[in-house]
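Student: Pasting start27.cif below, which is mmCIF, C-alpha atoms.
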data_data
#
loop_
_atom_site.label_atom_id
_atom_site.label_comp_id
_atom_site.auth_asym_id
_atom_site.auth_seq_id
_atom_site.Cartn_x
_atom_site.Cartn_y
_atom_site.Cartn_z
CA MET A 1 -30.57 59.07 -12.43
CA SER A 2 -29.12 58.16 -15.80
CA PRO A 3 -25.87 56.19 -15.87
CA PRO A 4 -22.67 58.21 -16.39
CA VAL A 5 -21.49 58.79 -19.95
CA PRO A 6 -19.25 55.88 -20.97
CA VAL A 7 -15.57 56.50 -21.52
CA SER A 8 -14.60 56.64 -25.20
CA VAL A 9 -12.19 53.93 -26.28
CA GLY A 10 -10.05 53.51 -29.38
CA VAL A 11 -9.01 50.00 -30.39
CA LEU A 12 -5.92 49.38 -32.53
CA ALA A 13 -5.93 46.05 -34.33
CA SER A 14 -4.12 44.42 -37.22
CA GLY A 15 -6.04 41.16 -37.42
CA GLY A 16 -9.40 39.52 -36.99
CA GLY A 17 -10.13 41.32 -33.77
CA SER A 18 -11.61 38.61 -31.55
CA ASN A 19 -10.49 40.63 -28.52
CA LEU A 20 -12.21 43.64 -30.07
CA GLN A 21 -15.34 41.50 -30.29
CA ALA A 22 -15.07 40.60 -26.61
CA LEU A 23 -14.92 44.31 -25.76
CA LEU A 24 -17.89 45.05 -28.04
CA ASP A 25 -19.89 42.21 -26.50
CA ALA A 26 -19.24 43.60 -23.03
CA GLU A 27 -21.11 46.75 -23.99
CA ALA A 28 -24.36 44.76 -23.96
CA ASP A 29 -24.33 45.43 -20.21
CA PRO A 30 -26.30 48.69 -19.85
CA ASP A 31 -24.01 49.79 -17.01
CA TRP A 32 -20.85 49.18 -19.03
CA PRO A 33 -18.59 52.18 -18.47
CA ALA A 34 -16.73 52.10 -21.81
CA ARG A 35 -17.77 52.52 -25.42
CA ILE A 36 -15.55 51.79 -28.40
CA ALA A 37 -15.74 54.90 -30.54
CA VAL A 38 -13.23 54.00 -33.21
CA VAL A 39 -11.18 51.08 -34.48
CA VAL A 40 -7.92 51.86 -36.28
CA SER A 41 -5.98 49.33 -38.29
CA ASN A 42 -2.82 49.40 -40.35
CA ARG A 43 -4.21 46.68 -42.62
CA ALA A 44 -7.04 47.09 -45.09
CA ASP A 45 -7.93 43.40 -44.78
CA ALA A 46 -8.15 43.43 -40.97
CA GLY A 47 -11.32 41.72 -39.87
CA ALA A 48 -11.40 44.20 -37.01
CA LEU A 49 -12.38 47.02 -39.40
CA GLU A 50 -15.29 44.99 -40.71
CA ARG A 51 -16.35 44.20 -37.15
CA ALA A 52 -16.27 47.91 -36.30
CA ARG A 53 -18.48 48.81 -39.26
CA ARG A 54 -20.91 46.01 -38.47
CA HIS A 55 -21.32 47.47 -34.97
CA GLY A 56 -21.72 51.01 -36.26
CA ARG A 57 -18.35 52.23 -35.04
CA ALA A 58 -15.87 54.36 -36.94
CA ALA A 59 -13.34 52.23 -38.81
CA VAL A 60 -10.12 53.98 -39.78
CA LEU A 61 -7.52 52.48 -42.08
CA LEU A 62 -4.10 53.94 -41.43
CA PRO A 63 -1.48 52.00 -43.40
CA ARG A 64 2.11 52.21 -42.29
CA ARG A 65 4.19 54.07 -44.84
CA LYS A 66 7.68 52.63 -44.84
CA ASP A 67 9.10 55.95 -46.07
CA GLN A 68 7.92 57.68 -42.90
CA PRO A 69 9.30 57.46 -39.38
CA ARG A 70 7.05 55.56 -36.99
CA GLU A 71 6.55 58.79 -35.06
CA VAL A 72 4.85 60.41 -38.04
CA HIS A 73 2.52 57.42 -38.31
CA ASP A 74 1.66 57.75 -34.63
CA GLN A 75 0.93 61.46 -35.04
CA ALA A 76 -1.76 60.59 -37.56
CA LEU A 77 -2.94 57.85 -35.23
CA VAL A 78 -3.27 60.24 -32.30
CA GLN A 79 -5.14 62.66 -34.53
CA ALA A 80 -7.62 59.95 -35.54
CA LEU A 81 -8.14 58.88 -31.93
CA ARG A 82 -8.62 62.45 -30.71
CA ALA A 83 -11.09 63.15 -33.52
CA HIS A 84 -13.28 60.50 -31.88
CA GLY A 85 -12.82 61.79 -28.34
CA VAL A 86 -10.83 58.75 -27.28
CA GLN A 87 -9.77 58.64 -23.63
CA TRP A 88 -8.37 55.10 -23.41
CA VAL A 89 -6.60 53.07 -26.09
CA CYS A 90 -6.66 49.27 -26.33
CA LEU A 91 -4.15 47.40 -28.46
CA ALA A 92 -5.75 44.20 -29.67
CA GLY A 93 -3.44 42.24 -31.90
CA TYR A 94 -1.86 45.46 -33.16
CA MET A 95 1.33 44.45 -34.94
CA LEU A 96 3.07 47.81 -35.08
CA LEU A 97 5.31 49.04 -32.30
CA VAL A 98 3.92 52.20 -30.79
CA THR A 99 6.11 55.22 -30.16
CA PRO A 100 6.28 57.82 -27.38
CA VAL A 101 4.08 60.01 -29.60
CA LEU A 102 1.11 57.78 -28.78
CA LEU A 103 2.15 57.10 -25.19
CA GLN A 104 2.59 60.79 -24.38
CA ALA A 105 -0.78 61.62 -25.90
CA PHE A 106 -2.42 58.96 -23.68
CA PRO A 107 -0.15 58.71 -20.62
CA ASP A 108 -0.81 55.48 -18.68
CA ARG A 109 -3.93 55.07 -20.79
CA VAL A 110 -2.83 52.53 -23.37
CA LEU A 111 -3.65 48.89 -22.63
CA ASN A 112 -2.29 45.82 -24.38
CA ILE A 113 -3.11 42.13 -24.14
CA HIS A 114 -0.39 39.55 -24.59
CA PRO A 115 -0.83 35.75 -24.87
CA ALA A 116 1.64 34.78 -22.14
CA LEU A 117 2.17 35.17 -18.42
CA LEU A 118 4.54 38.11 -18.65
CA PRO A 119 7.40 38.62 -17.98
CA ALA A 120 7.75 35.15 -19.53
CA PHE A 121 7.59 34.96 -23.33
CA PRO A 122 7.25 38.56 -24.51
CA GLY A 123 7.27 39.39 -28.20
CA LEU A 124 5.83 37.36 -31.03
CA HIS A 125 4.30 33.89 -30.67
CA GLY A 126 4.10 33.77 -26.88
CA GLN A 127 2.08 30.55 -27.08
CA ALA A 128 4.65 28.77 -29.27
CA GLN A 129 7.47 30.00 -27.04
CA ALA A 130 5.68 28.55 -24.01
CA LEU A 131 5.15 25.18 -25.71
CA HIS A 132 8.74 25.03 -26.86
CA HIS A 133 9.98 25.83 -23.37
CA GLY A 134 7.85 23.04 -21.90
CA VAL A 135 6.00 25.09 -19.29
CA ARG A 136 2.93 23.52 -17.61
CA VAL A 137 1.13 26.80 -16.93
CA ALA A 138 0.56 29.39 -19.64
CA GLY A 139 -1.80 32.33 -19.90
CA ALA A 140 -2.41 35.91 -20.88
CA THR A 141 -1.64 39.35 -19.49
CA VAL A 142 -3.28 42.77 -19.78
CA HIS A 143 -0.77 45.51 -19.11
CA LEU A 144 -0.25 49.20 -19.54
CA VAL A 145 2.01 49.94 -22.46
CA ASP A 146 5.35 51.55 -21.80
CA GLY A 147 8.26 52.09 -24.16
CA GLY A 148 9.36 48.44 -24.15
CA CYS A 149 8.11 45.27 -25.78
CA ASP A 150 5.44 43.82 -23.46
CA THR A 151 7.23 45.23 -20.42
CA GLY A 152 4.66 47.62 -18.95
CA PRO A 153 2.94 47.44 -15.55
CA ILE A 154 0.57 44.48 -15.27
CA VAL A 155 -3.17 44.99 -14.71
CA CYS A 156 -4.41 41.39 -14.65
CA GLN A 157 -3.39 37.91 -15.68
CA GLY A 158 -5.20 34.69 -16.47
CA ALA A 159 -3.57 31.29 -16.29
CA VAL A 160 -4.36 28.06 -18.13
CA PRO A 161 -2.86 24.59 -18.01
CA VAL A 162 -0.69 23.34 -20.84
CA LEU A 163 -1.98 19.84 -21.53
CA PRO A 164 -0.14 16.81 -22.88
CA GLY A 165 -0.50 16.73 -26.63
CA ASP A 166 -1.15 20.45 -26.96
CA ASP A 167 -0.08 21.98 -30.23
CA GLU A 168 0.12 25.71 -30.82
CA ALA A 169 -3.49 25.90 -32.04
CA ALA A 170 -4.90 24.07 -29.03
CA LEU A 171 -2.94 26.11 -26.52
CA SER A 172 -3.69 29.36 -28.35
CA ALA A 173 -7.42 28.60 -28.24
CA ARG A 174 -7.28 27.94 -24.51
CA ILE A 175 -5.38 31.16 -23.91
CA LEU A 176 -7.77 33.10 -26.14
CA ARG A 177 -10.72 32.12 -23.94
CA VAL A 178 -8.90 33.72 -21.05
CA GLU A 179 -8.00 36.79 -23.11
CA HIS A 180 -11.69 37.33 -23.84
CA ARG A 181 -12.42 37.37 -20.11
CA LEU A 182 -9.40 39.45 -19.09
CA TYR A 183 -9.61 42.33 -21.51
CA PRO A 184 -13.16 43.49 -20.70
CA MET A 185 -12.34 43.17 -17.00
CA ALA A 186 -9.24 45.39 -17.35
CA LEU A 187 -10.99 47.93 -19.56
CA ARG A 188 -13.85 48.25 -17.13
CA TRP A 189 -11.47 48.99 -14.26
CA ALA A 190 -9.64 51.48 -16.48
CA ALA A 191 -12.85 53.25 -17.49
CA GLU A 192 -14.04 53.36 -13.89
CA GLY A 193 -10.80 55.03 -12.80
CA ARG A 194 -9.75 52.07 -10.68
CA LEU A 195 -6.13 51.82 -11.90
CA ARG A 196 -3.30 53.62 -10.18
CA VAL A 197 0.27 53.15 -11.39
CA GLU A 198 2.94 53.00 -8.69
CA GLY A 199 6.37 52.44 -10.17
CA ARG A 200 6.06 49.28 -12.19
CA ARG A 201 3.02 48.03 -10.30
CA VAL A 202 -0.63 48.78 -10.89
CA GLN A 203 -2.85 49.14 -7.84
CA VAL A 204 -6.44 48.26 -8.66
CA ASP A 205 -9.28 49.56 -6.54
CA LEU A 206 -11.07 46.24 -6.96
CA PRO A 207 -14.85 45.91 -6.88
CA ALA A 208 -15.96 43.47 -4.18
CA GLY A 209 -15.59 39.85 -5.20
CA GLU A 210 -13.29 40.55 -8.13
CA ALA A 211 -9.69 39.52 -8.57
CA THR A 212 -6.78 40.50 -10.75
CA SER A 213 -6.03 36.87 -11.62
CA LEU A 214 -8.02 33.98 -12.94
CA TRP A 215 -7.52 30.34 -13.81
CA ASP A 216 -9.39 28.68 -16.64
CA PRO A 217 -8.79 24.92 -16.80
CA ALA A 218 -11.33 24.19 -19.54
CA PRO A 219 -9.97 22.98 -22.88
CA MET B 1 2.58 -10.00 -4.25
CA SER B 2 4.64 -7.56 -2.22
CA PRO B 3 4.98 -4.03 -3.55
CA PRO B 4 8.15 -3.24 -5.50
CA VAL B 5 11.15 -2.00 -3.55
CA PRO B 6 10.96 1.80 -3.35
CA VAL B 7 13.49 3.89 -5.21
CA SER B 8 16.19 5.34 -2.93
CA VAL B 9 16.25 9.12 -2.82
CA GLY B 10 18.83 11.57 -1.54
CA VAL B 11 17.67 15.04 -0.50
CA LEU B 12 20.05 18.01 -0.45
CA ALA B 13 18.93 20.87 1.78
CA SER B 14 20.44 23.94 3.38
CA GLY B 15 17.49 25.09 5.47
CA GLY B 16 14.52 23.99 7.49
CA GLY B 17 13.44 21.41 4.98
CA SER B 18 9.69 21.86 4.76
CA ASN B 19 9.78 20.37 1.27
CA LEU B 20 11.78 17.48 2.70
CA GLN B 21 8.97 17.06 5.23
CA ALA B 22 6.39 16.93 2.44
CA LEU B 23 8.38 14.15 0.77
CA LEU B 24 8.70 12.26 4.07
CA ASP B 25 4.98 12.64 4.74
CA ALA B 26 4.19 11.18 1.34
CA GLU B 27 5.86 7.94 2.37
CA ALA B 28 2.94 7.27 4.72
CA ASP B 29 1.21 5.86 1.63
CA PRO B 30 2.15 2.13 1.69
CA ASP B 31 2.36 2.11 -2.11
CA TRP B 32 4.69 5.12 -2.24
CA PRO B 33 7.43 4.27 -4.73
CA ALA B 34 10.24 6.37 -3.20
CA ARG B 35 12.08 6.32 0.10
CA ILE B 36 14.43 9.02 1.32
CA ALA B 37 17.60 7.20 2.31
CA VAL B 38 19.79 10.14 3.13
CA VAL B 39 19.66 13.89 3.65
CA VAL B 40 22.83 15.87 2.98
CA SER B 41 23.32 19.46 4.06
CA ASN B 42 26.13 21.97 3.81
CA ARG B 43 24.98 23.60 7.04
CA ALA B 44 25.29 22.09 10.50
CA ASP B 45 22.29 24.09 11.70
CA ALA B 46 19.98 22.98 8.87
CA GLY B 47 16.64 21.89 10.29
CA ALA B 48 16.57 19.34 7.48
CA LEU B 49 19.29 17.28 9.19
CA GLU B 50 17.30 17.17 12.42
CA ARG B 51 14.20 16.15 10.46
CA ALA B 52 16.14 13.34 8.82
CA ARG B 53 17.36 11.99 12.17
CA ARG B 54 13.88 12.23 13.67
CA HIS B 55 12.59 10.05 10.84
CA GLY B 56 15.44 7.55 11.19
CA ARG B 57 17.18 8.57 7.97
CA ALA B 58 20.88 9.12 7.46
CA ALA B 59 21.85 12.76 7.99
CA VAL B 60 25.15 13.81 6.45
CA LEU B 61 26.78 17.15 7.08
CA LEU B 62 29.06 18.15 4.23
CA PRO B 63 30.23 21.72 4.72
CA ARG B 64 31.51 23.61 1.73
CA ARG B 65 35.23 24.26 2.05
CA LYS B 66 36.03 27.54 0.38
CA ASP B 67 39.60 26.39 -0.31
CA GLN B 68 38.30 23.57 -2.53
CA PRO B 69 36.79 23.74 -6.00
CA ARG B 70 33.05 23.06 -6.07
CA GLU B 71 33.78 19.92 -8.08
CA VAL B 72 35.71 18.41 -5.19
CA HIS B 73 32.77 19.12 -2.89
CA ASP B 74 30.43 17.41 -5.33
CA GLN B 75 32.70 14.36 -5.51
CA ALA B 76 32.27 13.90 -1.78
CA LEU B 77 28.55 14.52 -2.22
CA VAL B 78 28.23 11.84 -4.91
CA GLN B 79 30.17 9.44 -2.70
CA ALA B 80 27.78 10.06 0.21
CA LEU B 81 24.74 9.59 -2.03
CA ARG B 82 26.10 6.39 -3.57
CA ALA B 83 26.95 5.01 -0.14
CA HIS B 84 23.20 5.09 0.53
CA GLY B 85 22.22 3.57 -2.79
CA VAL B 86 20.62 6.79 -4.03
CA GLN B 87 18.95 6.63 -7.46
CA TRP B 88 17.24 10.04 -7.54
CA VAL B 89 18.36 13.31 -5.99
CA CYS B 90 16.01 16.07 -4.82
CA LEU B 91 17.27 19.58 -4.15
CA ALA B 92 15.10 21.15 -1.48
CA GLY B 93 16.29 24.61 -0.59
CA TYR B 94 19.88 23.64 -1.34
CA MET B 95 21.83 26.87 -1.57
CA LEU B 96 24.96 25.60 -3.30
CA LEU B 97 25.26 25.47 -7.07
CA VAL B 98 25.73 21.89 -8.22
CA THR B 99 28.41 20.98 -10.74
CA PRO B 100 28.57 18.53 -13.64
CA VAL B 101 30.18 16.08 -11.20
CA LEU B 102 26.78 15.57 -9.55
CA LEU B 103 24.78 15.82 -12.77
CA GLN B 104 26.91 13.26 -14.58
CA ALA B 105 26.66 10.85 -11.65
CA PHE B 106 22.84 11.16 -11.76
CA PRO B 107 22.04 12.04 -15.38
CA ASP B 108 18.49 13.45 -15.70
CA ARG B 109 17.91 12.25 -12.14
CA VAL B 110 18.30 15.45 -10.16
CA LEU B 111 15.10 17.36 -9.34
CA ASN B 112 14.80 20.89 -8.01
CA ILE B 113 11.88 22.94 -6.78
CA HIS B 114 11.81 26.69 -7.37
CA PRO B 115 9.31 29.22 -5.96
CA ALA B 116 8.34 30.83 -9.27
CA LEU B 117 6.69 29.95 -12.54
CA LEU B 118 9.89 29.43 -14.48
CA PRO B 119 11.27 30.73 -16.79
CA ALA B 120 10.10 33.85 -14.91
CA PHE B 121 12.09 34.85 -11.82
CA PRO B 122 14.92 32.32 -11.61
CA GLY B 123 17.62 32.66 -8.96
CA LEU B 124 17.23 33.90 -5.43
CA HIS B 125 14.02 35.31 -3.94
CA GLY B 126 11.64 34.33 -6.74
CA GLN B 127 8.67 35.40 -4.63
CA ALA B 128 10.07 38.88 -3.96
CA GLN B 129 10.97 39.27 -7.63
CA ALA B 130 7.39 38.40 -8.58
CA LEU B 131 5.94 40.91 -6.12
CA HIS B 132 8.29 43.63 -7.27
CA HIS B 133 7.40 42.98 -10.89
CA GLY B 134 3.70 43.24 -10.10
CA VAL B 135 2.58 39.92 -11.57
CA ARG B 136 -0.91 38.65 -10.71
CA VAL B 137 -0.11 34.94 -11.02
CA ALA B 138 2.86 33.39 -9.23
CA GLY B 139 3.73 29.80 -8.39
CA ALA B 140 6.31 27.07 -8.17
CA THR B 141 8.12 24.74 -10.56
CA VAL B 142 9.67 21.31 -10.24
CA HIS B 143 12.31 20.78 -12.90
CA LEU B 144 15.20 18.55 -13.78
CA VAL B 145 18.49 20.22 -13.01
CA ASP B 146 20.81 21.06 -15.87
CA GLY B 147 23.98 23.14 -15.85
CA GLY B 148 22.15 26.48 -15.59
CA CYS B 149 20.43 28.35 -12.80
CA ASP B 150 16.81 27.08 -12.69
CA THR B 151 16.86 26.47 -16.44
CA GLY B 152 16.27 22.73 -16.68
CA PRO B 153 13.33 20.88 -18.29
CA ILE B 154 10.09 21.42 -16.39
CA VAL B 155 8.22 18.50 -14.79
CA CYS B 156 5.25 20.27 -13.21
CA GLN B 157 4.10 23.71 -12.13
CA GLY B 158 1.58 25.05 -9.67
CA ALA B 159 0.09 28.52 -9.92
CA VAL B 160 -1.32 30.78 -7.22
CA PRO B 161 -2.88 34.22 -7.31
CA VAL B 162 -0.98 37.25 -6.07
CA LEU B 163 -3.49 39.10 -3.90
CA PRO B 164 -3.75 42.82 -3.15
CA GLY B 165 -1.80 43.58 0.00
CA ASP B 166 0.47 40.56 -0.32
CA ASP B 167 3.88 40.96 1.22
CA GLU B 168 6.73 38.55 0.64
CA ALA B 169 5.76 36.39 3.63
CA ALA B 170 2.13 36.03 2.55
CA LEU B 171 2.98 35.21 -1.04
CA SER B 172 5.77 32.83 0.00
CA ALA B 173 3.36 30.95 2.27
CA ARG B 174 0.84 30.59 -0.55
CA ILE B 175 3.53 29.33 -2.91
CA LEU B 176 4.88 26.96 -0.28
CA ARG B 177 1.51 25.20 -0.04
CA VAL B 178 1.77 24.51 -3.74
CA GLU B 179 5.38 23.39 -3.43
CA HIS B 180 4.34 20.80 -0.87
CA ARG B 181 1.85 19.35 -3.33
CA LEU B 182 4.09 19.56 -6.39
CA TYR B 183 7.26 17.96 -5.12
CA PRO B 184 5.79 14.62 -3.97
CA MET B 185 3.84 14.45 -7.24
CA ALA B 186 7.00 14.93 -9.30
CA LEU B 187 9.07 12.54 -7.22
CA ARG B 188 6.45 9.83 -7.54
CA TRP B 189 6.44 10.13 -11.32
CA ALA B 190 10.24 10.08 -11.29
CA ALA B 191 10.38 6.98 -9.08
CA GLU B 192 7.78 5.23 -11.21
CA GLY B 193 9.84 5.84 -14.35
CA ARG B 194 7.23 8.12 -15.87
CA LEU B 195 9.57 10.95 -16.94
CA ARG B 196 11.14 11.07 -20.38
CA VAL B 197 13.32 14.00 -21.39
CA GLU B 198 12.96 15.17 -24.99
CA GLY B 199 15.16 18.15 -25.68
CA ARG B 200 14.13 20.75 -23.17
CA ARG B 201 10.73 19.20 -22.55
CA VAL B 202 9.75 16.44 -20.17
CA GLN B 203 7.12 13.98 -21.34
CA VAL B 204 5.23 12.49 -18.40
CA ASP B 205 3.43 9.19 -18.72
CA LEU B 206 0.65 10.54 -16.53
CA PRO B 207 -1.49 8.30 -14.33
CA ALA B 208 -5.20 8.66 -15.15
CA GLY B 209 -6.75 11.78 -13.68
CA GLU B 210 -3.46 13.49 -12.91
CA ALA B 211 -2.09 16.68 -14.41
CA THR B 212 1.25 18.42 -14.65
CA SER B 213 -0.22 21.72 -13.49
CA LEU B 214 -2.33 22.84 -10.61
CA TRP B 215 -3.92 26.01 -9.29
CA ASP B 216 -4.29 26.72 -5.61
CA PRO B 217 -6.32 29.86 -4.88
CA ALA B 218 -6.47 29.43 -1.11
CA PRO B 219 -4.66 32.02 1.01
#
Just give me the structure as structure tokens.

Tutor:
Amino acid sequence: MSPPVPVSVGVLASGGGSNLQALLDAEADPDWPARIAVVVSNRADAGALERARRHGRAAVLLPRRKDQPREVHDQALVQALRAHGVQWVCLAGYMLLVTPVLLQAFPDRVLNIHPALLPAFPGLHGQAQALHHGVRVAGATVHLVDGGCDTGPIVCQGAVPVLPGDDEAALSARILRVEHRLYPMALRWAAEGRLRVEGRRVQVDLPAGEATSLWDPAP
Amino acid sequence: MSPPVPVSVGVLASGGGSNLQALLDAEADPDWPARIAVVVSNRADAGALERARRHGRAAVLLPRRKDQPREVHDQALVQALRAHGVQWVCLAGYMLLVTPVLLQAFPDRVLNIHPALLPAFPGLHGQAQALHHGVRVAGATVHLVDGGCDTGPIVCQGAVPVLPGDDEAALSARILRVEHRLYPMALRWAAEGRLRVEGRRVQVDLPAGEATSLWDPAP
């Protein structure tokens, strides 16, 4: 019996796309249930577009036109995603706010990763916020996107220690390691139909031996 | 050479006092640098008072009189603490808000423990708040008390997983295990003069091999 057809995924990224790379790397597993069909970026210089091309995936540049409402931008975005048969959307360092146009086209099917243990430190520079606040435990969160800023139902979280002497770069690197483990995990569950939203909580039909949280103490 | 005289500690508690017990148990170590001199409670039925008596410590009942300002209550509290030579104060399930009267009498010398990874879920029922929000990582925080509600500079934090099927009792029990490890750790550093407040951050002159964060995955 051949494995089931992988779910088509669209990744939205504004930057280098190291989380995109983690998702691409996960596809090396022959049983991986998701395949990135298209990467869309608002920035021509996004490393993520180059990564997509290098892996033979569609790379779509969709700059944000300031003279247009965000909704019009998202209509074009939805069109691009649908043109590639996308079923799930992953935000990976995507710096534009998404509108209900995207969320209604992919209801409860847009994932985001955020470099903090939400609900603490939403918005920009979660790592710097954590350092400034003096917390001892930081981390990352994969969540479903709702209308708010980093407020949607949480799929999984990974925690890391904040160590004495950490600066933003050191803490960000430690959190990024966790991000690269969390995002493939969450996407796999999504693609396998294991996520069920109940109010603001996500129930995961977990494979045996897996967990929705992890701790990574390594520097 | 005899060991240095332990620092005198006052514990304020409104309930059973399991964190008080953890601090008392820590004194079994002959080199332990802190000794609980007095336990003060606002409730006559607080198990913490009974625990104090059982361990031969002063137990002071100081009920809150609704016809008095909180500041007047805290003046009596400071008097009771000073009468026992208290140098550091530990809040352990103390359900009254403390006023500047206490904080000015013990500047940067009042510790609190809170059952959440602050700044997430301050206030009452941190564990239930975490469950309701659907987080995957919860925990506890020891912090210095400032004028706000669970806002003071953080000394140490312990993280635990939130597991599928957790109810408030199960999660609270998991967090409590971590609390019982965190509070003695923080008090020892305090008593040994290892804490230095810088703005809203606490620098800890950490003993070798120790850390300001921990992870406890056990149920």

Student: Counting all atoms listed in the file, which residues from chain B have an atom at most 6 Å from any atom of chain A, and could you show them as JSON, numbers by chain?

Tutor: {"B": [120, 134, 136, 156, 157, 161, 201, 213]}

Student: If the PyMOL selection byres ((chain A and resi 173) around 12) is run on the structure shown, which residues does it catch, given as a count of residues only?

Tutor: 26

Student: Which residues are close to range 88-99 of chain A, i.e. within 6 Å by only C-alpha atoms, leaving aside same-chain residues fewer than 2 positions away? Reply as a ChimeraX atom specification.

Tutor: /A:9-14,86,101-102,109-112

Student: Take the selection from the previous step and output its residues with C-alpha atoms, as a tab-separated table (two decimals), keeping the file's coordinate frame.

Tutor:
chain	number	residue	atom	x	y	z
A	9	VAL	CA	-12.19	53.93	-26.28
A	10	GLY	CA	-10.05	53.51	-29.38
A	11	VAL	CA	-9.01	50.00	-30.39
A	12	LEU	CA	-5.92	49.38	-32.53
A	13	ALA	CA	-5.93	46.05	-34.33
A	14	SER	CA	-4.12	44.42	-37.22
A	86	VAL	CA	-10.83	58.75	-27.28
A	101	VAL	CA	4.08	60.01	-29.60
A	102	LEU	CA	1.11	57.78	-28.78
A	109	ARG	CA	-3.93	55.07	-20.79
A	110	VAL	CA	-2.83	52.53	-23.37
A	111	LEU	CA	-3.65	48.89	-22.63
A	112	ASN	CA	-2.29	45.82	-24.38

Student: Report as a PDB file with C-alpha atoms, in the frame of the given file the full result of the PyMOL selection byres ((chain B and resi 24) around 9) when it is applied to this structure.

Tutor:
ATOM      1  CA  ASN B  19       9.780  20.370   1.270  1.00  0.00           C
ATOM      2  CA  LEU B  20      11.780  17.480   2.700  1.00  0.00           C
ATOM      3  CA  GLN B  21       8.970  17.060   5.230  1.00  0.00           C
ATOM      4  CA  ALA B  22       6.390  16.930   2.440  1.00  0.00           C
ATOM      5  CA  LEU B  23       8.380  14.150   0.770  1.00  0.00           C
ATOM      6  CA  ASP B  25       4.980  12.640   4.740  1.00  0.00           C
ATOM      7  CA  ALA B  26       4.190  11.180   1.340  1.00  0.00           C
ATOM      8  CA  GLU B  27       5.860   7.940   2.370  1.00  0.00           C
ATOM      9  CA  ALA B  28       2.940   7.270   4.720  1.00  0.00           C
ATOM     10  CA  ARG B  35      12.080   6.320   0.100  1.00  0.00           C
ATOM     11  CA  ILE B  36      14.430   9.020   1.320  1.00  0.00           C
ATOM     12  CA  ALA B  52      16.140  13.340   8.820  1.00  0.00           C
ATOM     13  CA  HIS B  55      12.590  10.050  10.840  1.00  0.00           C
ATOM     14  CA  PRO B 184       5.790  14.620  -3.970  1.00  0.00           C
TER      15      PRO B 184
END

Student: Is there a way to get, as a list in words, all residues within 10 Å of the point (6.0, 56.4, -27.4) in file coordinates, counting only C-alpha atoms?

Tutor: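 Those residues, ordered by chain and then number, are Arg70, Glu71, Asp74, Leu97, Val98, Thr99, Pro100, Val101, Leu102, Leu103, Gln104, Ala105, Phe106, Pro107, Val145, Asp146, Gly147 and Gly148 of chain A.
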
Student: Counting all atoms listed in the file, what is within 7 Å of Ala186 in chain B, bar same-chain residues fewer than 3 positions away, as a list in words?

Tutor: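 Skipping anything fewer than 3 positions along the chain leaves Val142, Val155, Cys156, Leu182, Tyr183, Trp189 and Ala190 of chain B.
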
Student: Apply the PyMOL selection byres ((chain B and resi 33) around 8) to the structure shown and report the selected residues as a VMD selection string.

Tutor: chain B and resid 4 to 7 31 to 32 34 to 35 188 191 to 192

Student: Once 5 Å is added on each side, what are the centre and the three edge lengths, in Å to one decimal, of the axis-aligned box enclosing the listed atoms of range 163-172 of chain A? Present them as AutoDock Vina command-line options.

Tutor:
--center_x -2.4 --center_y 23.0 --center_z -26.8 --size_x 15.0 --size_y 22.6 --size_z 20.5

Student: Please report the interatomic distance between CA of Val72 in chain B and CA of Arg51 in chain B in Å with one decimal.

Tutor: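 About the pair CA of Val72 in chain B and CA of Arg51 in chain B: they are 26.7 Å apart.
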
Student: Please determine, counting only C-alpha atoms, which residue among B:Ala116, B:Gln79, B:Val38, B:Pro69 has the shortest atom-to-atom distance to Arg53 in chain B.

Tutor: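 Smallest separation from Arg53 in chain B among the options: B:Val38.
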
Student: Record the distance separating CA of Leu62 in chain B and CA of Arg43 in chain B, expressed in Å with one decimal.

Tutor: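 Interatomic distance here is 7.4 Å.
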
Student: One decimal, in Å: what's the spacing between CA of Val197 in chain A and CA of Cys149 in chain A?

Tutor: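 Computing the Euclidean distance for CA of Val197 in chain A and CA of Cys149 in chain A yields 18.2 Å.
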